[in-house]
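Worksheet: the structure to be examined is printed underneath.
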Amino acid sequence: MTGMGMAALAAAGAVLLVAGIALGRLTARRGVKSDLDLGTPVERATFHTLHTASLAAPPLRAGLTEDTARKAARRLRSLLGTEALCLTDRESVLAWDGPGADHHEQRVMVRVAEMLDSGRSQSVHTECDDLECPLRWAVIAPLTGEEGVLGALVAYGSRESAVLVRAATEVARWVSVQLELAELDRSRTRLIEAEIRALRAQISPHFIFNSLAAIASFVRTDPERARELLLEFADFTRYSFRRHGEFTNLADELRSIEQYLALAGARFGERLKVTLQVAPEVLPVTLPFLCLQPLVENAVKHGLEDSKSECRVTIAARDAGAEAMVTIEDDGVGMDPDVLRGILAGELTSSSGIGLSNVDERLRQVYGDEHGLVIETGVGAGMKITIRIPKYRAGVHSSAGRRSGY
């Protein structure tokens, strides 16, 4: 987790603790009792606060919309113990929980607009003409995100209360933390999608052209092989350009590589020698989508397109306890280690480093820096890439179905 994420979670915990203690003291003074022996009244109220907040958090982590606000409003009202509560964006009321919506909902946005100008919490008299209405005071607290004030949390009470002002302000800060975390999640998703688009763009147009040209060359001389290669090409492109899931399994990734190598073999013939050594027990292991294919394409490019001799590419996947160990090795032209370091650091770009920095960065994002690419190379010495993939990691789940071939 990033430093920003840790700071946000720490802030969220502190906010809930303050709100829980404030409400706990209020509950203790009112003499509320519980059938569960969870300690003092303050401790019981704090436990209740944390539990209620945990139920409100999931919808808020999806952002501030009518649907998420509606799901969270009831929990937040229970958290504060107010007569009514509403959540707004900058333009309108998103959700209302409690009485008074029929005549207060239209008025509240005028007060919210005043709060938006100052960016500070306000405690205001509702000036309600209905003598039966319990909503006499309102605390309007800002909900903030990376782009400033996103909306407001409005808590209604029957009287002015300093405790409600403090509690509503703190809960609004906690809600803001959830919204910021939601924005971080969306940013991470957009980044991963952009990285996958970049990898797709790096599937060489020359490779596609050459593959189709190789297929065409067999149409007259060997129609059956042309048909098989065309099916391999269709499956390869379908997998590479699929629109769902940022993770896949090793079986599907290796099957895509097998299709790529079949197409490359149609072009280079006997010059391309491939060895695959795969332990069956690691085939279900989940890994980032399009994580291995760019590395194999890089190996073929090093071995064949940059030289006139034959090339041997070895792909191995073995069980290493809690991890799957994958190695991709070629005996091609290799690379200057200083140039490689520049490519991985994003300081240099090179057609001979297809996908290396992209794959390395994604592996580090998903599994941590200790799981980045380990690359052994030198000029004229070929290249060996080693990847350590944890078999189990929270949040890493494959959406790919097991395909035939393994």
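For the structure tokens, the naming scheme is as follows: chains receive sequential letters (A, B, ...) according to their order of presentation, residues are indexed from 1 within each chain, and ligands are indexed from 1 in presentation order.
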
*Which of region 60-109 of chain A fall in alpha helix (DSSP H), as a ChimeraX atom specification*: /A:60,66-80,101-109

Export, as a compact mmCIF listing (two decimals), in the first residue's frame, the selected residues with N, CA, C and O atoms.
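So out_28.txt came out as:
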```txt
# COMPACT_ATOMS: atom_id res chain seq x y z
N LEU A 60 -19.51 3.85 -0.29
CA LEU A 60 -18.76 5.10 -0.48
C LEU A 60 -17.48 4.87 -1.27
O LEU A 60 -17.00 5.77 -1.97
N GLU A 66 -25.94 8.88 -6.71
CA GLU A 66 -27.24 8.70 -6.07
C GLU A 66 -27.35 7.33 -5.43
O GLU A 66 -27.86 7.18 -4.31
N ASP A 67 -26.87 6.30 -6.12
CA ASP A 67 -26.98 4.94 -5.61
C ASP A 67 -26.12 4.74 -4.37
O ASP A 67 -26.59 4.20 -3.36
N THR A 68 -24.86 5.17 -4.41
CA THR A 68 -23.98 4.97 -3.26
C THR A 68 -24.42 5.83 -2.08
O THR A 68 -24.33 5.41 -0.93
N ALA A 69 -24.90 7.05 -2.37
CA ALA A 69 -25.37 7.93 -1.29
C ALA A 69 -26.59 7.34 -0.61
O ALA A 69 -26.72 7.37 0.62
N ARG A 70 -27.49 6.77 -1.40
CA ARG A 70 -28.70 6.16 -0.83
C ARG A 70 -28.34 4.99 0.08
O ARG A 70 -28.91 4.82 1.16
N LYS A 71 -27.37 4.17 -0.34
CA LYS A 71 -26.97 3.02 0.47
C LYS A 71 -26.25 3.44 1.75
O LYS A 71 -26.33 2.74 2.76
N ALA A 72 -25.53 4.56 1.70
CA ALA A 72 -24.73 4.97 2.86
C ALA A 72 -25.50 5.86 3.84
O ALA A 72 -25.17 5.90 5.03
N ALA A 73 -26.51 6.58 3.35
CA ALA A 73 -27.18 7.60 4.17
C ALA A 73 -27.78 7.01 5.44
O ALA A 73 -27.66 7.60 6.53
N ARG A 74 -28.45 5.87 5.33
CA ARG A 74 -29.09 5.28 6.52
C ARG A 74 -28.05 4.90 7.56
O ARG A 74 -28.26 5.10 8.76
N ARG A 75 -26.92 4.35 7.12
CA ARG A 75 -25.86 3.98 8.06
C ARG A 75 -25.26 5.21 8.72
O ARG A 75 -24.98 5.22 9.93
N LEU A 76 -25.06 6.25 7.93
CA LEU A 76 -24.48 7.48 8.49
C LEU A 76 -25.43 8.15 9.47
O LEU A 76 -24.99 8.71 10.48
N ARG A 77 -26.71 8.11 9.17
CA ARG A 77 -27.68 8.68 10.10
C ARG A 77 -27.68 7.89 11.42
O ARG A 77 -27.71 8.47 12.51
N SER A 78 -27.61 6.55 11.30
CA SER A 78 -27.52 5.73 12.51
C SER A 78 -26.24 6.03 13.27
O SER A 78 -26.22 6.05 14.51
N LEU A 79 -25.16 6.26 12.53
CA LEU A 79 -23.87 6.56 13.16
C LEU A 79 -23.95 7.83 14.00
O LEU A 79 -23.41 7.90 15.11
N LEU A 80 -24.66 8.84 13.49
CA LEU A 80 -24.76 10.12 14.19
C LEU A 80 -25.95 10.19 15.13
O LEU A 80 -25.98 11.04 16.02
N ALA A 101 -38.17 15.36 4.23
CA ALA A 101 -37.67 15.55 2.86
C ALA A 101 -38.63 16.37 2.02
O ALA A 101 -38.20 17.14 1.14
N ASP A 102 -39.96 16.26 2.30
CA ASP A 102 -40.94 16.93 1.46
C ASP A 102 -40.81 18.45 1.46
O ASP A 102 -41.10 19.11 0.46
N HIS A 103 -40.36 19.03 2.58
CA HIS A 103 -40.25 20.49 2.60
C HIS A 103 -38.85 21.01 2.90
O HIS A 103 -38.59 22.20 2.73
N HIS A 104 -37.93 20.15 3.33
CA HIS A 104 -36.55 20.60 3.59
C HIS A 104 -35.61 20.36 2.41
O HIS A 104 -34.61 21.07 2.27
N GLU A 105 -35.92 19.36 1.59
CA GLU A 105 -35.00 18.98 0.52
C GLU A 105 -34.78 20.12 -0.47
O GLU A 105 -33.68 20.31 -0.98
N GLN A 106 -35.83 20.89 -0.75
CA GLN A 106 -35.69 21.98 -1.70
C GLN A 106 -34.89 23.15 -1.11
O GLN A 106 -34.23 23.88 -1.85
N ARG A 107 -34.94 23.32 0.21
CA ARG A 107 -34.24 24.44 0.84
C ARG A 107 -32.75 24.18 1.06
O ARG A 107 -31.96 25.11 1.08
N VAL A 108 -32.41 22.90 1.25
CA VAL A 108 -31.07 22.61 1.75
C VAL A 108 -29.97 23.03 0.78
O VAL A 108 -28.88 23.44 1.20
N MET A 109 -30.23 22.97 -0.52
CA MET A 109 -29.17 23.30 -1.47
C MET A 109 -28.78 24.78 -1.42
O MET A 109 -27.66 25.13 -1.77
```

*Among region 62-226 of chain A, which residues carry a DSSP assignment of strand (DSSP E), reported as a PyMOL selection string?*
chain A and resi 84-89+93-97+122-125+137-145+148-157

*asked:* Can you pull out the residues contacting Ile215 (chain A)? Cut-off 8 Å, using only C-alpha atoms, and skip same-chain residues under 5 positions away; I want them as a list of chain:residue names.
replied: A:Ala226, A:Leu229, A:Leu230, A:Ala266

How would the residues just picked look written out with C-alpha atoms as a PDB file, in the first residue's frame?
```pdb
ATOM      1  CA  ALA A 226      -2.831 -22.071 -43.695  1.00  0.00           C
ATOM      2  CA  LEU A 229      -2.352 -20.768 -38.722  1.00  0.00           C
ATOM      3  CA  LEU A 230      -5.334 -18.553 -39.442  1.00  0.00           C
ATOM      4  CA  ALA A 266       5.609 -19.894 -39.931  1.00  0.00           C
TER       5      ALA A 266
END
```

_I'd like to know which of A:Gly81, A:Gly355, A:Pro99, A:Gly151 is closest to Gly63 (chain A), using only C-alpha atoms._
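Between A:Gly81, A:Gly355, A:Pro99, A:Gly151, the residue approaching Gly63 (chain A) most closely is A:Gly151.
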
*Residues near Arg267 (chain A), cut-off 12 Å, only C-alpha atoms, skip fewer than 4 positions along chain, as a list in words*: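 Selected residues are His206, Phe207, Ile208, Phe209, Asn210, Ser211, Leu212, Ala213, Ala214, Ile215, Ala216, Ser217, Phe218, Leu229, Tyr260, Leu261, Ala262, Leu263, Arg271, Leu272, Val300, Leu304 and Glu305 of chain A.
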
*Extract, using only C-alpha atoms, all DNA, RNA and protein residues at most 10 Å from region 329-331 of chain A, discarding same-chain residues fewer than 6 positions from it, and format them as a VMD selection string.*
chain A and resid 273 to 275 295 to 296 298 to 304 310 to 316 375 to 377 380 to 386

Take the residues just selected and output them with N, CA and C atoms as a PDB file, in the first residue's frame.
```
ATOM      1  N   LYS A 273      14.008 -22.049 -32.774  1.00  0.00           N
ATOM      2  CA  LYS A 273      13.952 -23.257 -31.962  1.00  0.00           C
ATOM      3  C   LYS A 273      13.344 -22.908 -30.605  1.00  0.00           C
ATOM      4  N   VAL A 274      12.294 -23.607 -30.224  1.00  0.00           N
ATOM      5  CA  VAL A 274      11.575 -23.276 -28.987  1.00  0.00           C
ATOM      6  C   VAL A 274      11.533 -24.496 -28.080  1.00  0.00           C
ATOM      7  N   THR A 275      11.822 -24.260 -26.805  1.00  0.00           N
ATOM      8  CA  THR A 275      11.703 -25.303 -25.784  1.00  0.00           C
ATOM      9  C   THR A 275      10.759 -24.800 -24.698  1.00  0.00           C
ATOM     10  N   LEU A 295       7.378 -10.356 -23.305  1.00  0.00           N
ATOM     11  CA  LEU A 295       8.748 -10.784 -23.034  1.00  0.00           C
ATOM     12  C   LEU A 295       9.207 -11.830 -24.043  1.00  0.00           C
ATOM     13  N   VAL A 296       8.278 -12.706 -24.436  1.00  0.00           N
ATOM     14  CA  VAL A 296       8.608 -13.704 -25.458  1.00  0.00           C
ATOM     15  C   VAL A 296       8.822 -13.019 -26.809  1.00  0.00           C
ATOM     16  N   ASN A 298       9.891 -10.077 -27.227  1.00  0.00           N
ATOM     17  CA  ASN A 298      11.204  -9.434 -27.108  1.00  0.00           C
ATOM     18  C   ASN A 298      12.332 -10.438 -27.363  1.00  0.00           C
ATOM     19  N   ALA A 299      12.163 -11.664 -26.834  1.00  0.00           N
ATOM     20  CA  ALA A 299      13.186 -12.698 -27.020  1.00  0.00           C
ATOM     21  C   ALA A 299      13.321 -13.084 -28.493  1.00  0.00           C
ATOM     22  N   VAL A 300      12.178 -13.224 -29.190  1.00  0.00           N
ATOM     23  CA  VAL A 300      12.213 -13.571 -30.609  1.00  0.00           C
ATOM     24  C   VAL A 300      12.870 -12.452 -31.410  1.00  0.00           C
ATOM     25  N   LYS A 301      12.526 -11.215 -31.060  1.00  0.00           N
ATOM     26  CA  LYS A 301      13.114 -10.073 -31.766  1.00  0.00           C
ATOM     27  C   LYS A 301      14.627 -10.052 -31.578  1.00  0.00           C
ATOM     28  N   HIS A 302      15.082 -10.256 -30.338  1.00  0.00           N
ATOM     29  CA  HIS A 302      16.526 -10.285 -30.072  1.00  0.00           C
ATOM     30  C   HIS A 302      17.208 -11.398 -30.848  1.00  0.00           C
ATOM     31  N   GLY A 303      16.540 -12.548 -30.910  1.00  0.00           N
ATOM     32  CA  GLY A 303      17.199 -13.720 -31.464  1.00  0.00           C
ATOM     33  C   GLY A 303      17.175 -13.814 -32.969  1.00  0.00           C
ATOM     34  N   LEU A 304      16.127 -13.283 -33.617  1.00  0.00           N
ATOM     35  CA  LEU A 304      15.964 -13.506 -35.049  1.00  0.00           C
ATOM     36  C   LEU A 304      15.958 -12.242 -35.886  1.00  0.00           C
ATOM     37  N   GLU A 310      20.230 -18.810 -36.437  1.00  0.00           N
ATOM     38  CA  GLU A 310      19.074 -19.368 -35.750  1.00  0.00           C
ATOM     39  C   GLU A 310      19.071 -18.939 -34.288  1.00  0.00           C
ATOM     40  N   CYS A 311      17.907 -19.065 -33.652  1.00  0.00           N
ATOM     41  CA  CYS A 311      17.755 -18.625 -32.250  1.00  0.00           C
ATOM     42  C   CYS A 311      16.999 -19.686 -31.478  1.00  0.00           C
ATOM     43  N   ARG A 312      17.446 -19.903 -30.259  1.00  0.00           N
ATOM     44  CA  ARG A 312      16.734 -20.812 -29.365  1.00  0.00           C
ATOM     45  C   ARG A 312      16.104 -19.999 -28.246  1.00  0.00           C
ATOM     46  N   VAL A 313      14.812 -20.190 -28.063  1.00  0.00           N
ATOM     47  CA  VAL A 313      14.060 -19.542 -26.992  1.00  0.00           C
ATOM     48  C   VAL A 313      13.569 -20.632 -26.048  1.00  0.00           C
ATOM     49  N   THR A 314      13.878 -20.476 -24.761  1.00  0.00           N
ATOM     50  CA  THR A 314      13.457 -21.447 -23.749  1.00  0.00           C
ATOM     51  C   THR A 314      12.511 -20.775 -22.769  1.00  0.00           C
ATOM     52  N   ILE A 315      11.347 -21.379 -22.609  1.00  0.00           N
ATOM     53  CA  ILE A 315      10.344 -20.869 -21.668  1.00  0.00           C
ATOM     54  C   ILE A 315      10.087 -21.952 -20.638  1.00  0.00           C
ATOM     55  N   ALA A 316      10.302 -21.632 -19.376  1.00  0.00           N
ATOM     56  CA  ALA A 316      10.138 -22.613 -18.306  1.00  0.00           C
ATOM     57  C   ALA A 316       9.272 -22.031 -17.202  1.00  0.00           C
ATOM     58  N   ILE A 375      16.689  -9.557 -14.771  1.00  0.00           N
ATOM     59  CA  ILE A 375      17.167  -9.727 -16.140  1.00  0.00           C
ATOM     60  C   ILE A 375      18.692  -9.875 -16.150  1.00  0.00           C
ATOM     61  N   GLU A 376      19.149 -10.942 -16.793  1.00  0.00           N
ATOM     62  CA  GLU A 376      20.581 -11.178 -16.982  1.00  0.00           C
ATOM     63  C   GLU A 376      20.874 -11.048 -18.480  1.00  0.00           C
ATOM     64  N   THR A 377      21.766 -10.136 -18.836  1.00  0.00           N
ATOM     65  CA  THR A 377      22.068  -9.926 -20.251  1.00  0.00           C
ATOM     66  C   THR A 377      23.422  -9.259 -20.431  1.00  0.00           C
ATOM     67  N   GLY A 380      25.803  -9.508 -26.983  1.00  0.00           N
ATOM     68  CA  GLY A 380      26.202 -10.781 -27.573  1.00  0.00           C
ATOM     69  C   GLY A 380      26.003 -11.976 -26.681  1.00  0.00           C
ATOM     70  N   ALA A 381      25.399 -11.788 -25.506  1.00  0.00           N
ATOM     71  CA  ALA A 381      25.279 -12.869 -24.526  1.00  0.00           C
ATOM     72  C   ALA A 381      23.844 -13.345 -24.323  1.00  0.00           C
ATOM     73  N   GLY A 382      22.915 -12.909 -25.195  1.00  0.00           N
ATOM     74  CA  GLY A 382      21.528 -13.315 -25.015  1.00  0.00           C
ATOM     75  C   GLY A 382      20.886 -12.612 -23.829  1.00  0.00           C
ATOM     76  N   MET A 383      19.728 -13.103 -23.440  1.00  0.00           N
ATOM     77  CA  MET A 383      19.011 -12.493 -22.317  1.00  0.00           C
ATOM     78  C   MET A 383      18.203 -13.554 -21.594  1.00  0.00           C
ATOM     79  N   LYS A 384      18.206 -13.474 -20.267  1.00  0.00           N
ATOM     80  CA  LYS A 384      17.396 -14.359 -19.448  1.00  0.00           C
ATOM     81  C   LYS A 384      16.570 -13.509 -18.490  1.00  0.00           C
ATOM     82  N   ILE A 385      15.258 -13.696 -18.540  1.00  0.00           N
ATOM     83  CA  ILE A 385      14.336 -12.936 -17.686  1.00  0.00           C
ATOM     84  C   ILE A 385      13.670 -13.905 -16.722  1.00  0.00           C
ATOM     85  N   THR A 386      13.706 -13.567 -15.445  1.00  0.00           N
ATOM     86  CA  THR A 386      13.091 -14.406 -14.409  1.00  0.00           C
ATOM     87  C   THR A 386      11.984 -13.631 -13.726  1.00  0.00           C
TER      88      THR A 386
END
```

I'd like the neighbourhood of region 175-182 of chain A as a PDB file with C-alpha atoms, in the first residue's frame, where a residue qualifies if any of its atoms comes within 6 Å (using only C-alpha atoms), though same-chain residues fewer than 2 positions away should be ignored.
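Result went into out_1.pdb, see below:
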```
ATOM      1  CA  LEU A  60     -18.759   5.095  -0.478  1.00  0.00           C
ATOM      2  CA  ARG A  61     -15.690   3.358  -1.917  1.00  0.00           C
ATOM      3  CA  ALA A  62     -17.545   3.373  -5.249  1.00  0.00           C
ATOM      4  CA  GLY A  63     -17.696   7.188  -5.304  1.00  0.00           C
ATOM      5  CA  LEU A 143     -17.299  16.351   1.550  1.00  0.00           C
ATOM      6  CA  THR A 144     -13.953  16.810  -0.140  1.00  0.00           C
ATOM      7  CA  GLY A 145     -11.821  14.984  -2.678  1.00  0.00           C
ATOM      8  CA  ALA A 172     -17.896  14.082   6.979  1.00  0.00           C
ATOM      9  CA  ARG A 173     -14.090  13.917   7.079  1.00  0.00           C
ATOM     10  CA  LEU A 184      -7.376   6.317  -5.938  1.00  0.00           C
ATOM     11  CA  ASP A 185      -8.987   3.009  -6.925  1.00  0.00           C
TER      12      ASP A 185
END
```

Within 7 Å of Val379 (chain A) using only C-alpha atoms, minus same-chain residues under 3 positions, as a short mmCIF file (atom, residue, chain, number, x, y, z; two decimals) with C-alpha atoms, in the first residue's frame:
```
data_model
loop_
_atom_site.label_atom_id
_atom_site.label_comp_id
_atom_site.auth_asym_id
_atom_site.auth_seq_id
_atom_site.Cartn_x
_atom_site.Cartn_y
_atom_site.Cartn_z
CA VAL A 333 22.20 -10.44 -29.48
CA GLY A 334 21.56 -9.39 -25.84
CA MET A 335 21.69 -5.83 -24.61
CA ASP A 336 24.06 -3.42 -22.87
#
```

*Point-to-point distance from CA of Ser54 (chain A) to CA of Ala141 (chain A), Å rounded to tenths*: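 So the answer is 20.5 Å.
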
*Measure the distance from CA of Val285 (chain A) to CA of Thr248 (chain A) in Å and round it to one decimal.*
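Here the two named atoms are 8.5 Å from each other.
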
*Quick one: distance from CA of Leu150 (chain A) to CA of Gly100 (chain A) in Å, one decimal?*
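Those two atoms sit 23.6 Å apart.
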
Quick one: which region 116-174 of chain A residues come within 8 Å of region 87-91 of chain A, and what is the nearest atom pair for each with the distance in Å to one decimal, counting only C-alpha atoms, rows ordered by chain and ascending number, as CSV?
```
residue,atom,partner,partner_atom,distance
A:Leu116,CA,A:Arg90,CA,7.8
A:Val149,CA,A:Arg90,CA,7.9
A:Leu150,CA,A:Asp89,CA,5.7
A:Gly151,CA,A:Asp89,CA,3.8
A:Ala152,CA,A:Thr88,CA,5.2
A:Leu153,CA,A:Leu87,CA,4.8
A:Val154,CA,A:Leu87,CA,6.4
```

Hey, can you spit out that residue selection with C-alpha atoms as a compact mmCIF listing (two decimals), in the first residue's frame?
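Dumped to result-v9.txt:
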```
# COMPACT_ATOMS: atom_id res chain seq x y z
CA LEU A 116 -19.44 25.55 -0.83
CA VAL A 149 -15.38 20.15 -2.28
CA LEU A 150 -17.56 17.47 -3.88
CA GLY A 151 -20.74 18.01 -1.89
CA ALA A 152 -22.06 18.03 1.66
CA LEU A 153 -23.23 15.91 4.55
CA VAL A 154 -26.20 17.57 6.27
```
